[in-house]
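Q: Hey, dropping query_18.csv in here, CSV, C-alpha atoms and all ligand atoms:
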```
chain,number,residue,atom,x,y,z
A,1,MET,CA,24.6,-2.4,-6.1
A,2,ALA,CA,21.4,-2.1,-4.1
A,3,THR,CA,21.6,0.2,-1.1
A,4,SER,CA,19.8,0.6,2.2
A,5,ILE,CA,18.0,3.9,2.6
A,6,HIS,CA,17.6,5.8,5.9
A,7,LEU,CA,15.3,8.7,6.6
A,8,ASP,CA,16.0,10.6,9.8
A,9,THR,CA,13.3,13.0,11.0
A,10,VAL,CA,12.7,14.1,7.4
A,11,ARG,CA,10.4,17.1,7.1
A,12,LYS,CA,9.0,18.8,4.0
A,13,GLU,CA,7.1,22.1,4.3
A,14,PHE,CA,5.6,23.9,1.3
A,15,ARG,CA,5.0,27.6,1.6
A,16,THR,CA,2.3,29.1,-0.6
A,17,LEU,CA,0.7,32.5,-0.3
A,18,GLY,CA,2.0,32.9,3.3
A,19,ASN,CA,0.7,29.5,4.4
A,20,THR,CA,2.9,26.7,5.5
A,21,HIS,CA,1.8,23.2,4.7
A,22,VAL,CA,3.6,20.2,6.2
A,23,ALA,CA,3.6,17.5,3.6
A,24,VAL,CA,6.0,15.2,5.4
A,25,ASP,CA,6.2,15.4,9.1
A,26,ASP,CA,9.4,14.3,10.7
A,27,LEU,CA,9.5,10.9,9.1
A,28,SER,CA,12.1,8.4,10.3
A,29,LEU,CA,12.4,5.1,8.5
A,30,ASP,CA,14.8,2.3,7.4
A,31,ILE,CA,14.5,0.7,4.0
A,32,PRO,CA,16.6,-2.5,3.8
A,33,GLU,CA,19.1,-3.0,1.0
A,34,GLY,CA,17.5,-4.9,-1.9
A,35,SER,CA,14.0,-4.8,-0.4
A,36,PHE,CA,10.7,-3.9,-2.1
A,37,THR,CA,9.2,-1.2,0.0
A,38,THR,CA,5.8,0.4,-0.7
A,39,PHE,CA,4.5,3.7,0.5
A,40,VAL,CA,0.7,3.6,0.7
A,41,GLY,CA,-2.0,5.9,2.0
A,42,PRO,CA,-4.8,8.2,0.9
A,43,SER,CA,-4.3,11.1,-1.5
A,44,GLY,CA,-2.3,13.9,0.0
A,45,CYS,CA,-0.6,11.9,2.7
A,46,GLY,CA,2.9,12.7,1.4
A,47,LYS,CA,3.9,9.6,-0.6
A,48,THR,CA,5.1,11.4,-3.7
A,49,THR,CA,6.8,14.1,-1.8
A,50,THR,CA,8.8,11.5,0.1
A,51,LEU,CA,9.7,9.7,-3.1
A,52,ARG,CA,10.8,12.9,-4.7
A,53,MET,CA,13.1,13.6,-1.7
A,54,LEU,CA,14.7,10.1,-2.3
A,55,ALA,CA,15.2,11.0,-6.0
A,56,GLY,CA,16.7,14.4,-5.1
A,57,LEU,CA,13.9,16.2,-6.9
A,58,GLU,CA,12.9,17.9,-3.6
A,59,THR,CA,15.2,19.0,-0.7
A,60,PRO,CA,13.9,18.3,2.8
A,61,THR,CA,13.2,21.3,4.9
A,62,SER,CA,15.0,19.5,7.7
A,63,GLY,CA,16.3,16.0,8.5
A,64,THR,CA,18.6,13.7,6.5
A,65,VAL,CA,18.3,11.1,3.8
A,66,SER,CA,21.1,8.5,3.6
A,67,PHE,CA,21.9,5.8,1.1
A,68,GLY,CA,23.9,3.3,3.1
A,69,ASP,CA,26.3,5.4,5.1
A,70,GLU,CA,26.3,8.3,2.7
A,71,ASP,CA,24.3,11.4,3.5
A,72,VAL,CA,22.6,12.3,0.1
A,73,THR,CA,20.2,14.9,1.5
A,74,ASP,CA,21.7,17.7,-0.7
A,75,LEU,CA,22.9,15.6,-3.7
A,76,PRO,CA,21.3,16.4,-7.0
A,77,PRO,CA,19.4,13.6,-8.8
A,78,GLN,CA,22.2,13.0,-11.4
A,79,GLU,CA,24.7,12.3,-8.6
A,80,ARG,CA,22.5,9.5,-7.1
A,81,ASN,CA,22.3,6.1,-8.9
A,82,VAL,CA,18.5,6.3,-9.0
A,83,SER,CA,15.9,5.6,-11.7
A,84,MET,CA,12.3,6.8,-11.5
A,85,VAL,CA,9.1,5.8,-13.3
A,86,PHE,CA,6.1,8.0,-13.1
A,87,GLN,CA,2.4,7.5,-13.5
A,88,SER,CA,2.3,9.4,-16.8
A,89,ILE,CA,4.4,7.5,-19.3
A,90,ALA,CA,7.3,9.5,-20.8
A,91,LEU,CA,8.6,7.7,-23.9
A,92,TYR,CA,10.4,9.3,-26.8
A,93,PRO,CA,7.9,9.1,-29.7
A,94,HIS,CA,10.5,9.2,-32.5
A,95,MET,CA,12.5,6.2,-31.1
A,96,SER,CA,11.7,2.5,-31.3
A,97,VAL,CA,10.9,0.5,-28.2
A,98,ARG,CA,14.4,-0.9,-28.2
A,99,GLU,CA,16.0,2.6,-28.4
A,100,ASN,CA,13.7,3.9,-25.7
A,101,ILE,CA,14.6,1.1,-23.3
A,102,GLY,CA,18.3,1.5,-24.1
A,103,TYR,CA,18.4,5.3,-24.1
A,104,GLY,CA,19.7,5.6,-20.5
A,105,LEU,CA,22.4,3.0,-21.1
A,106,LYS,CA,23.4,4.8,-24.4
A,107,ILE,CA,23.9,8.1,-22.7
A,108,HIS,CA,26.0,6.4,-20.1
A,109,GLY,CA,28.3,5.0,-22.8
A,110,VAL,CA,27.3,1.3,-22.5
A,111,PRO,CA,28.5,-0.5,-25.7
A,112,LYS,CA,25.7,-1.6,-28.2
A,113,ALA,CA,26.2,-5.3,-27.7
A,114,GLU,CA,25.8,-5.1,-23.9
A,115,ARG,CA,22.9,-2.7,-24.3
A,116,ASP,CA,21.1,-5.1,-26.6
A,117,GLU,CA,21.7,-8.0,-24.2
A,118,ARG,CA,20.2,-6.1,-21.3
A,119,ILE,CA,17.3,-4.8,-23.3
A,120,ASP,CA,16.5,-8.3,-24.5
A,121,GLU,CA,16.5,-9.7,-21.0
A,122,ALA,CA,14.2,-7.0,-19.7
A,123,ALA,CA,11.9,-7.3,-22.7
A,124,ALA,CA,11.6,-11.1,-22.0
A,125,VAL,CA,10.6,-10.6,-18.4
A,126,LEU,CA,8.1,-7.8,-19.4
A,127,GLN,CA,6.8,-9.8,-22.3
A,128,ILE,CA,7.4,-7.1,-24.9
A,129,GLU,CA,9.9,-9.0,-27.1
A,130,ALA,CA,7.6,-8.8,-30.1
A,131,GLN,CA,7.3,-5.0,-29.7
A,132,LEU,CA,11.0,-4.1,-29.6
A,133,GLU,CA,11.2,-2.8,-33.1
A,134,LYS,CA,7.9,-0.9,-33.0
A,135,MET,CA,7.3,2.8,-32.3
A,136,PRO,CA,5.6,3.9,-29.0
A,137,ALA,CA,2.5,5.1,-30.9
A,138,GLU,CA,1.9,1.5,-32.0
A,139,LEU,CA,1.7,0.2,-28.4
A,140,SER,CA,-1.2,-0.1,-25.9
A,141,GLY,CA,-1.0,1.8,-22.7
A,142,GLY,CA,0.1,-1.3,-20.8
A,143,GLN,CA,2.8,-2.0,-23.3
A,144,GLN,CA,4.1,1.6,-23.1
A,145,GLN,CA,4.3,1.4,-19.3
A,146,ARG,CA,6.2,-1.9,-19.6
A,147,VAL,CA,8.7,0.0,-21.9
A,148,ALA,CA,9.1,2.7,-19.3
A,149,LEU,CA,9.7,0.1,-16.6
A,150,GLY,CA,12.2,-1.7,-18.9
A,151,GLY,CA,14.1,1.5,-19.4
A,152,ALA,CA,14.4,2.1,-15.7
A,153,PHE,CA,15.4,-1.5,-14.8
A,154,VAL,CA,18.1,-2.0,-17.5
A,155,GLN,CA,20.1,0.9,-16.0
A,156,ASP,CA,20.6,-1.3,-12.9
A,157,PRO,CA,20.1,1.6,-10.5
A,158,ASP,CA,21.0,1.3,-6.8
A,159,VAL,CA,17.5,2.5,-6.1
A,160,LEU,CA,14.4,2.3,-8.3
A,161,LEU,CA,11.6,4.6,-7.5
A,162,LEU,CA,8.1,3.9,-9.0
A,163,ASP,CA,5.3,6.4,-8.6
A,164,GLU,CA,1.9,4.8,-9.2
A,165,PRO,CA,3.2,3.2,-12.5
A,166,MET,CA,0.0,1.2,-13.0
A,167,SER,CA,-2.7,3.7,-12.1
A,168,ASP,CA,-3.8,4.2,-15.7
A,169,LEU,CA,-4.0,0.5,-16.5
A,170,ASP,CA,-7.0,-1.8,-16.4
A,171,ALA,CA,-7.4,-4.5,-13.7
A,172,LYS,CA,-6.1,-7.5,-15.8
A,173,LEU,CA,-3.0,-5.6,-17.0
A,174,LYS,CA,-2.3,-4.4,-13.4
A,175,SER,CA,-2.3,-8.0,-12.1
A,176,ASP,CA,0.0,-9.2,-14.9
A,177,LEU,CA,2.3,-6.3,-14.4
A,178,ARG,CA,2.4,-6.8,-10.6
A,179,VAL,CA,3.9,-10.2,-11.2
A,180,GLU,CA,6.4,-8.9,-13.8
A,181,ILE,CA,7.6,-6.1,-11.6
A,182,GLN,CA,8.3,-8.6,-8.8
A,183,ARG,CA,10.1,-10.8,-11.3
A,184,LEU,CA,12.3,-7.9,-12.4
A,185,HIS,CA,13.0,-7.1,-8.8
A,186,GLN,CA,14.1,-10.7,-8.1
A,187,GLU,CA,16.5,-10.6,-11.0
A,188,LEU,CA,18.2,-7.3,-10.2
A,189,ASP,CA,20.2,-6.1,-7.3
A,190,THR,CA,18.1,-3.0,-6.7
A,191,THR,CA,16.2,-1.5,-3.8
A,192,VAL,CA,12.7,-0.7,-5.0
A,193,VAL,CA,10.5,2.0,-3.5
A,194,TYR,CA,7.0,2.0,-4.9
A,195,VAL,CA,4.2,4.5,-4.3
A,196,THR,CA,0.5,3.6,-4.6
A,197,HIS,CA,-2.8,4.5,-3.0
A,198,ASP,CA,-3.9,0.9,-3.9
A,199,GLN,CA,-3.6,-1.3,-0.9
A,200,THR,CA,-3.9,-4.5,-3.0
A,201,GLU,CA,-0.7,-3.5,-4.9
A,202,ALA,CA,1.0,-2.7,-1.6
A,203,MET,CA,0.0,-6.0,0.1
A,204,THR,CA,0.8,-8.2,-2.9
A,205,MET,CA,4.2,-6.9,-4.0
A,206,SER,CA,6.1,-5.7,-1.0
A,207,ASP,CA,8.5,-6.9,1.6
A,208,GLN,CA,7.5,-4.0,3.8
A,209,VAL,CA,4.6,-1.5,3.6
A,210,VAL,CA,4.9,2.0,4.9
A,211,LEU,CA,1.4,3.4,5.6
A,212,LEU,CA,1.3,7.2,5.9
A,213,ARG,CA,-1.3,9.5,7.4
A,214,ASP,CA,-1.1,13.3,7.0
A,215,GLY,CA,2.6,13.1,6.4
A,216,GLU,CA,3.3,11.0,9.4
A,217,LEU,CA,4.2,7.3,9.7
A,218,ALA,CA,1.1,5.3,10.7
A,219,GLN,CA,2.8,1.9,10.7
A,220,VAL,CA,5.6,0.1,8.9
A,221,ASP,CA,5.6,-3.7,8.7
A,222,PRO,CA,5.6,-6.6,6.3
A,223,PRO,CA,2.1,-7.0,4.6
A,224,LYS,CA,0.9,-9.9,6.7
A,225,ARG,CA,1.8,-8.3,10.0
A,226,LEU,CA,0.1,-5.1,9.0
A,227,PHE,CA,-3.0,-7.1,8.2
A,228,ASP,CA,-3.0,-9.1,11.4
A,229,TYR,CA,-1.6,-6.6,13.9
A,230,PRO,CA,-2.7,-3.1,12.9
A,231,ASN,CA,-1.6,-0.6,15.5
A,232,SER,CA,-4.7,1.6,15.1
A,233,GLU,CA,-8.2,1.8,13.7
A,234,TYR,CA,-6.8,3.9,10.8
A,235,VAL,CA,-4.4,1.0,9.7
A,236,ALA,CA,-7.1,-1.7,10.3
A,237,GLN,CA,-9.5,0.2,8.0
A,238,PHE,CA,-7.0,1.1,5.3
A,239,ILE,CA,-5.5,-2.4,4.9
A,240,GLY,CA,-7.8,-5.2,3.8
A,241,MET,CA,-10.7,-5.5,1.4
A,242,PRO,CA,-13.5,-5.1,2.2
A,243,SER,CA,-12.6,-2.7,5.0
A,244,THR,CA,-12.6,-3.9,8.7
A,245,ASN,CA,-16.0,-3.7,10.3
A,246,VAL,CA,-15.9,-1.2,13.2
A,247,VAL,CA,-18.6,-1.2,15.8
A,248,ASP,CA,-19.1,1.1,18.8
A,249,CYS,CA,-19.3,-0.8,22.1
A,250,ALA,CA,-19.9,0.0,25.7
A,251,VAL,CA,-17.5,-1.4,28.2
A,252,GLU,CA,-19.5,-2.9,31.1
A,253,ALA,CA,-18.1,-4.4,34.3
A,254,GLY,CA,-20.2,-7.1,35.8
A,255,ASP,CA,-19.9,-10.0,38.2
A,256,GLY,CA,-18.5,-12.3,35.6
A,257,GLY,CA,-15.9,-9.8,34.5
A,258,THR,CA,-15.8,-7.1,31.7
A,259,ALA,CA,-18.0,-7.3,28.6
A,260,LEU,CA,-18.2,-5.3,25.4
A,261,VAL,CA,-21.8,-4.6,24.6
A,262,GLY,CA,-22.6,-3.7,21.0
A,263,PRO,CA,-25.7,-3.6,18.8
A,264,GLY,CA,-27.3,-7.1,19.3
A,265,PHE,CA,-24.3,-8.8,20.9
A,266,GLU,CA,-22.3,-9.0,24.1
A,267,LEU,CA,-18.7,-10.1,24.1
A,268,SER,CA,-17.4,-11.3,27.5
A,269,LEU,CA,-13.7,-10.8,28.0
A,270,PRO,CA,-11.9,-13.8,29.5
A,271,ALA,CA,-10.9,-13.5,33.1
A,272,GLY,CA,-7.8,-11.4,33.5
A,273,VAL,CA,-8.3,-9.6,30.2
A,274,ASP,CA,-9.4,-6.0,30.5
A,275,VAL,CA,-9.5,-3.0,28.2
A,276,PRO,CA,-7.7,0.0,29.5
A,277,ALA,CA,-10.4,2.4,28.2
A,278,ALA,CA,-13.4,2.9,30.4
A,279,GLY,CA,-16.8,3.7,28.9
A,280,ARG,CA,-16.7,3.1,25.2
A,281,VAL,CA,-14.4,1.4,22.8
A,282,ARG,CA,-14.6,0.5,19.1
A,283,LEU,CA,-14.4,-3.2,18.1
A,284,GLY,CA,-12.8,-4.1,14.8
A,285,ILE,CA,-13.7,-7.4,13.0
A,286,ARG,CA,-12.4,-8.3,9.6
A,287,PRO,CA,-15.1,-9.5,7.3
A,288,GLN,CA,-12.9,-12.6,6.5
A,289,TYR,CA,-12.7,-13.6,10.1
A,290,LEU,CA,-16.4,-14.1,10.7
A,291,ASP,CA,-18.0,-17.6,10.8
A,292,VAL,CA,-21.4,-18.1,9.3
A,293,GLY,CA,-23.3,-19.9,12.0
A,294,SER,CA,-22.6,-19.9,15.7
A,295,GLU,CA,-19.3,-21.6,16.2
A,296,GLY,CA,-17.5,-18.5,17.5
A,297,ALA,CA,-17.7,-17.2,21.0
A,298,CYS,CA,-19.7,-14.1,20.1
A,299,ARG,CA,-22.8,-14.2,17.9
A,300,LEU,CA,-24.5,-11.4,16.1
A,301,SER,CA,-27.1,-10.9,13.3
A,302,VAL,CA,-26.6,-9.0,10.1
A,303,ASP,CA,-29.4,-7.7,7.9
A,304,VAL,CA,-28.3,-8.5,4.4
A,305,GLU,CA,-28.5,-5.7,1.8
A,306,VAL,CA,-26.3,-6.7,-1.1
A,307,VAL,CA,-24.5,-9.9,-2.0
A,308,GLU,CA,-21.5,-9.9,-4.3
A,309,THR,CA,-20.4,-13.3,-5.6
A,310,LEU,CA,-16.7,-13.6,-6.3
A,311,GLY,CA,-16.5,-17.2,-7.5
A,312,THR,CA,-15.3,-19.2,-4.6
A,313,GLU,CA,-16.6,-16.8,-2.0
A,314,SER,CA,-19.2,-14.1,-1.5
A,315,VAL,CA,-19.2,-10.7,0.1
A,316,VAL,CA,-22.3,-9.8,2.0
A,317,HIS,CA,-22.9,-6.1,2.7
A,318,GLY,CA,-25.3,-5.6,5.5
A,319,ARG,CA,-26.1,-3.7,8.7
A,320,LEU,CA,-26.3,-4.5,12.4
A,321,GLU,CA,-29.6,-3.8,14.2
A,322,ASP,CA,-28.6,-0.2,14.9
A,323,GLY,CA,-27.7,0.5,11.3
A,324,THR,CA,-23.9,0.1,11.6
A,325,PRO,CA,-22.6,-1.1,8.2
A,326,PHE,CA,-21.2,-4.7,8.5
A,327,ASP,CA,-19.7,-6.9,5.8
A,328,VAL,CA,-19.1,-10.7,5.8
A,329,VAL,CA,-16.8,-12.6,3.5
A,330,SER,CA,-17.5,-16.3,3.4
A,331,ASP,CA,-17.7,-19.3,1.1
A,332,ALA,CA,-20.8,-20.5,3.0
A,333,VAL,CA,-23.3,-17.7,2.0
A,334,ASP,CA,-24.1,-18.7,-1.6
A,335,ASP,CA,-27.8,-18.5,-1.1
A,336,ALA,CA,-28.0,-15.3,1.0
A,337,VAL,CA,-30.2,-12.6,-0.6
A,338,ALA,CA,-31.2,-9.0,0.3
A,339,GLY,CA,-33.6,-9.0,3.2
A,340,ASP,CA,-32.2,-12.1,4.9
A,341,ARG,CA,-30.9,-12.1,8.4
A,342,LEU,CA,-27.5,-13.8,8.6
A,343,ASP,CA,-26.2,-15.2,11.9
A,344,VAL,CA,-22.5,-14.9,12.2
A,345,SER,CA,-20.0,-15.3,15.0
A,346,PHE,CA,-16.4,-14.5,15.8
A,347,ASP,CA,-13.7,-15.0,18.5
A,348,LEU,CA,-12.1,-12.3,20.5
A,349,ALA,CA,-8.7,-13.5,19.2
A,350,ASP,CA,-9.7,-12.5,15.7
A,351,ALA,CA,-11.0,-9.0,16.7
A,352,PHE,CA,-9.3,-5.7,17.5
A,353,VAL,CA,-10.3,-3.3,20.2
A,354,PHE,CA,-9.5,0.4,19.6
A,355,GLY,CA,-9.4,3.0,22.4
A,356,GLU,CA,-10.8,6.5,22.2
A,357,ASP,CA,-7.7,7.9,20.4
A,358,GLY,CA,-7.9,5.1,17.8
A,359,ALA,CA,-4.9,3.1,19.0
A,360,THR,CA,-5.3,-0.6,19.2
A,361,VAL,CA,-5.6,-1.6,22.9
A,362,LEU,CA,-6.3,-5.3,22.6
A,401,LIG,P1,-1.5,11.5,-4.2
A,401,LIG,O1,-1.8,10.1,-4.0
A,401,LIG,O2,-2.7,12.3,-4.5
A,401,LIG,O3,-0.4,11.7,-5.3
A,401,LIG,P2,0.5,11.9,-2.1
A,401,LIG,O4,0.3,11.1,-0.9
A,401,LIG,O5,1.5,11.5,-3.1
A,401,LIG,O6,-0.9,12.1,-2.9
A,401,LIG,P3,1.9,14.4,-2.1
A,401,LIG,O7,1.8,14.6,-3.5
A,401,LIG,O8,3.2,14.0,-1.5
A,401,LIG,O9,0.8,13.4,-1.6
A,401,LIG,O10,1.4,15.7,-1.3
A,401,LIG,C1,1.4,15.9,0.1
A,401,LIG,C2,0.8,17.2,0.4
A,401,LIG,O11,1.7,18.2,0.0
A,401,LIG,C3,-0.5,17.5,-0.3
A,401,LIG,O12,-1.3,18.2,0.6
A,401,LIG,C4,-0.1,18.4,-1.4
A,401,LIG,O13,-1.1,19.3,-1.8
A,401,LIG,C5,1.1,19.2,-0.9
A,401,LIG,N1,2.1,19.5,-1.9
A,401,LIG,C6,2.8,18.6,-2.7
A,401,LIG,N2,3.6,19.2,-3.5
A,401,LIG,C7,3.4,20.6,-3.3
A,401,LIG,C8,4.0,21.8,-3.9
A,401,LIG,N3,5.0,21.7,-4.8
A,401,LIG,N4,3.6,23.0,-3.4
A,401,LIG,C9,2.7,23.0,-2.4
A,401,LIG,N5,2.1,21.9,-1.8
A,401,LIG,C10,2.5,20.7,-2.3
```
Once you've parsed the file, please lay out its structure as structure tokens.
A:
Amino acid sequence: MATSIHLDTVRKEFRTLGNTHVAVDDLSLDIPEGSFTTFVGPSGCGKTTTLRMLAGLETPTSGTVSFGDEDVTDLPPQERNVSMVFQSIALYPHMSVRENIGYGLKIHGVPKAERDERIDEAAAVLQIEAQLEKMPAELSGGQQQRVALGGAFVQDPDVLLLDEPMSDLDAKLKSDLRVEIQRLHQELDTTVVYVTHDQTEAMTMSDQVVLLRDGELAQVDPPKRLFDYPNSEYVAQFIGMPSTNVVDCAVEAGDGGTALVGPGFELSLPAGVDVPAAGRVRLGIRPQYLDVGSEGACRLSVDVEVVETLGTESVVHGRLEDGTPFDVVSDAVDDAVAGDRLDVSFDLADAFVFGEDGATVL
């Protein structure tokens, strides 16, 4: 039975050679029962340490971890109904694929007929039916990782913890496996917690994304909300590909109201709209939210440096007149080449304004 998970001011300190390092810094969080929740963030932000505390492989320095109403903070891993799949694949080399997937069930005394049924189901979803009687050494890396996932899923855990299970796979295998993991999740009554530093995986698979920064919660929200309403410059830059353009602007008060003045453009704020920060702010504009041409309220010019064509759309990497890097994603720039000057525009409603401390102010 899937369970909800609650972290209440969970802290993990590591002490090495007299130094104390705070890996997870008073993290409080609710993970809904049966959800697919992804922890994402740059290397060292505390994702794996948090996952290991959910597994019972690390004990928090302070705070509590609960599954439903039960405080599991000090429960050892074997007393939690949790399965975990790691980045490095751990299969038993002397057992067939079928035996590997069914091993966890066997040691829990599940009869062979039921074991086989569950193995066959998982193998069908993961598309490894033809490999079931093979040995691990005969499989590709992607197939081996599917076997490891199958072994975790068939145990029908309350909580399934996945730590970067796709990081060693190529792009095509990753995108196939993303779909298969979601299919398995839909078929089973399991709460999945997934760790990755890849924001594409986080955005495509999850019901909710937990973005960490230096052991602290930066933002938790469903993917679309995180994309559209980042609470800070850090979140806006981490989520989205290519990264959000961020431009330094002066805040100038004039007769017609307040304007944000950046390199080569001036954005007038509508009457009644003001930014709390005086002096300077940073304006964030997603490359996808720029119009080529002059339809938007604010126009600016981009000196084109590199154009990447992605099929239906292109990514233009360029700079504003003061050298600020600035990218544009559009299906209307097919013929842009390095050296061109591209006129683009945007509306205030599609932009973010960040104050001096990096928090979103508008
Ligand atoms: P990555 O994406 O690189 O795996 P992460 O976000 O999963 O990173 P963690 O592995 O949780 O990060 O590590 C968080 C911080 O805690 C890092 O600074 C790391 O060096 C430190 N850390 C993790 N485990 C230990 C340990 N056993 N002893 C000392 N420091 C540790």
Q: Tell me, counting only C-alpha atoms and all ligand atoms, for each residue of chain A within 6 Å of ligand LIG 401 (chain A), which pair of atoms is nearest and how far apart they are in Å to one decimal, in rows ordered by chain and increasing number, as a Markdown table.
A:
```
| residue | atom | partner | partner_atom | distance |
| --- | --- | --- | --- | --- |
| A:Phe14 | CA | A:LIG401 | C9 | 4.8 |
| A:Ala23 | CA | A:LIG401 | O11 | 4.1 |
| A:Ser43 | CA | A:LIG401 | O2 | 3.6 |
| A:Gly44 | CA | A:LIG401 | O9 | 3.5 |
| A:Cys45 | CA | A:LIG401 | O4 | 3.8 |
| A:Gly46 | CA | A:LIG401 | O8 | 3.2 |
| A:Lys47 | CA | A:LIG401 | O4 | 3.9 |
| A:Thr48 | CA | A:LIG401 | O5 | 3.7 |
| A:Thr49 | CA | A:LIG401 | O8 | 3.6 |
| A:His197 | CA | A:LIG401 | O1 | 5.8 |
```
Q: If we count all atoms listed in the file and set the cut-off at 10 Å, which residues sit around Gln208 of chain A, ignoring sequence neighbours fewer than 5 positions away in its own chain? Please answer as an MDAnalysis selection string.
A: chainID A and resid 31:32 35:39 193 202:203 220:226
Q: Pick out the residues sitting within 8 Å of segment 145-157 of chain A, and hand them over as a PDB file with C-alpha atoms, keeping the file's coordinate frame; count only C-alpha atoms, and ignore anything fewer than 4 positions along from it in its own chain.
A:
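See around-v2.pdb below for the written result:
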```
ATOM      1  CA  MET A   1      24.600  -2.400  -6.100  1.00  0.00           C
ATOM      2  CA  ALA A   2      21.400  -2.100  -4.100  1.00  0.00           C
ATOM      3  CA  ASN A  81      22.300   6.100  -8.900  1.00  0.00           C
ATOM      4  CA  VAL A  82      18.500   6.300  -9.000  1.00  0.00           C
ATOM      5  CA  SER A  83      15.900   5.600 -11.700  1.00  0.00           C
ATOM      6  CA  MET A  84      12.300   6.800 -11.500  1.00  0.00           C
ATOM      7  CA  VAL A  85       9.100   5.800 -13.300  1.00  0.00           C
ATOM      8  CA  ILE A  89       4.400   7.500 -19.300  1.00  0.00           C
ATOM      9  CA  ALA A  90       7.300   9.500 -20.800  1.00  0.00           C
ATOM     10  CA  LEU A  91       8.600   7.700 -23.900  1.00  0.00           C
ATOM     11  CA  VAL A  97      10.900   0.500 -28.200  1.00  0.00           C
ATOM     12  CA  ASN A 100      13.700   3.900 -25.700  1.00  0.00           C
ATOM     13  CA  ILE A 101      14.600   1.100 -23.300  1.00  0.00           C
ATOM     14  CA  GLY A 102      18.300   1.500 -24.100  1.00  0.00           C
ATOM     15  CA  TYR A 103      18.400   5.300 -24.100  1.00  0.00           C
ATOM     16  CA  GLY A 104      19.700   5.600 -20.500  1.00  0.00           C
ATOM     17  CA  LEU A 105      22.400   3.000 -21.100  1.00  0.00           C
ATOM     18  CA  ARG A 118      20.200  -6.100 -21.300  1.00  0.00           C
ATOM     19  CA  ILE A 119      17.300  -4.800 -23.300  1.00  0.00           C
ATOM     20  CA  ALA A 122      14.200  -7.000 -19.700  1.00  0.00           C
ATOM     21  CA  ALA A 123      11.900  -7.300 -22.700  1.00  0.00           C
ATOM     22  CA  LEU A 126       8.100  -7.800 -19.400  1.00  0.00           C
ATOM     23  CA  ILE A 128       7.400  -7.100 -24.900  1.00  0.00           C
ATOM     24  CA  GLY A 141      -1.000   1.800 -22.700  1.00  0.00           C
ATOM     25  CA  PRO A 165       3.200   3.200 -12.500  1.00  0.00           C
ATOM     26  CA  MET A 166       0.000   1.200 -13.000  1.00  0.00           C
ATOM     27  CA  LEU A 177       2.300  -6.300 -14.400  1.00  0.00           C
ATOM     28  CA  LEU A 184      12.300  -7.900 -12.400  1.00  0.00           C
ATOM     29  CA  LEU A 188      18.200  -7.300 -10.200  1.00  0.00           C
ATOM     30  CA  ASP A 189      20.200  -6.100  -7.300  1.00  0.00           C
ATOM     31  CA  THR A 190      18.100  -3.000  -6.700  1.00  0.00           C
TER      32      THR A 190
END
```
Q: Using all atoms listed in the file, which of A:Val329, A:Val209, A:Leu160, A:Ala124 sits nearest Glu33 of chain A?
A: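 Distance minimum relative to Glu33 of chain A lands on A:Leu160.
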Q: Any idea what's packed within 6 Å of segment 306-319 of chain A, counting only C-alpha atoms, ignoring anything in its chain fewer than 2 positions away? Could you give it as a PDB file with C-alpha atoms, keeping the file's coordinate frame?
A:
```
ATOM      1  CA  VAL A 302     -26.600  -9.000  10.100  1.00  0.00           C
ATOM      2  CA  ASP A 303     -29.400  -7.700   7.900  1.00  0.00           C
ATOM      3  CA  VAL A 304     -28.300  -8.500   4.400  1.00  0.00           C
ATOM      4  CA  GLY A 323     -27.700   0.500  11.300  1.00  0.00           C
ATOM      5  CA  THR A 324     -23.900   0.100  11.600  1.00  0.00           C
ATOM      6  CA  PRO A 325     -22.600  -1.100   8.200  1.00  0.00           C
ATOM      7  CA  PHE A 326     -21.200  -4.700   8.500  1.00  0.00           C
ATOM      8  CA  ASP A 327     -19.700  -6.900   5.800  1.00  0.00           C
ATOM      9  CA  VAL A 328     -19.100 -10.700   5.800  1.00  0.00           C
ATOM     10  CA  VAL A 329     -16.800 -12.600   3.500  1.00  0.00           C
ATOM     11  CA  SER A 330     -17.500 -16.300   3.400  1.00  0.00           C
ATOM     12  CA  ASP A 331     -17.700 -19.300   1.100  1.00  0.00           C
ATOM     13  CA  ALA A 338     -31.200  -9.000   0.300  1.00  0.00           C
TER      14      ALA A 338
END
```
Q: Between atom CA of Phe86 of chain A and atom CA of Gln131 of chain A, what is the spacing in Å?
A: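 If I compute the distance from atom CA of Gln131 of chain A to atom CA of Phe86 of chain A, I get 21.1 Å.
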Q: Quick one: pull the distance between atom CA of Met95 of chain A and atom CA of Leu54 of chain A, Å, one decimal.
A: 29.1 Å
Q: Contacts of Gly296 of chain A at 7 Å or less, counting only C-alpha atoms, minus same-chain residues fewer than 6 places along, as a PyMOL selection string?
A: chain A and resi 345-347
Q: Looking at A:Val65, A:Val281, A:Ala55, A:Ala271, which one is nearest to Asp8 of chain A, with distances taken over all atoms listed in the file?
A: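 Answer, going by the shortest atom-to-atom distance: A:Val65.
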Q: Interatomic distance between atom CA of Val159 of chain A and atom CA of Glu129 of chain A?
A: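 Those two atoms sit 25.1 Å apart.
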Q: For Glu13 of chain A, which of A:Ala253, A:Leu169, A:Gly215, A:Thr204 is the closest residue, counting all atoms listed in the file?
A: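 Distance minimum relative to Glu13 of chain A lands on A:Gly215.
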Q: Output as a Markdown table one row per residue of segment 212-240 of chain A within 12 Å of segment 285-293 of chain A: the closest atom pair and its distance in Å to one decimal place, counting all atoms listed in the file, sorted by chain and residue number ascending.
A:
```
| residue | atom | partner | partner_atom | distance |
| --- | --- | --- | --- | --- |
| A:Phe227 | CA | A:Arg286 | CA | 9.6 |
| A:Asp228 | CA | A:Arg286 | CA | 9.6 |
| A:Tyr229 | CA | A:Arg286 | CA | 11.7 |
| A:Pro230 | CA | A:Arg286 | CA | 11.5 |
| A:Glu233 | CA | A:Ile285 | CA | 10.7 |
| A:Ala236 | CA | A:Arg286 | CA | 8.5 |
| A:Gln237 | CA | A:Arg286 | CA | 9.1 |
| A:Phe238 | CA | A:Arg286 | CA | 11.7 |
| A:Ile239 | CA | A:Arg286 | CA | 10.2 |
| A:Gly240 | CA | A:Arg286 | CA | 8.0 |
```
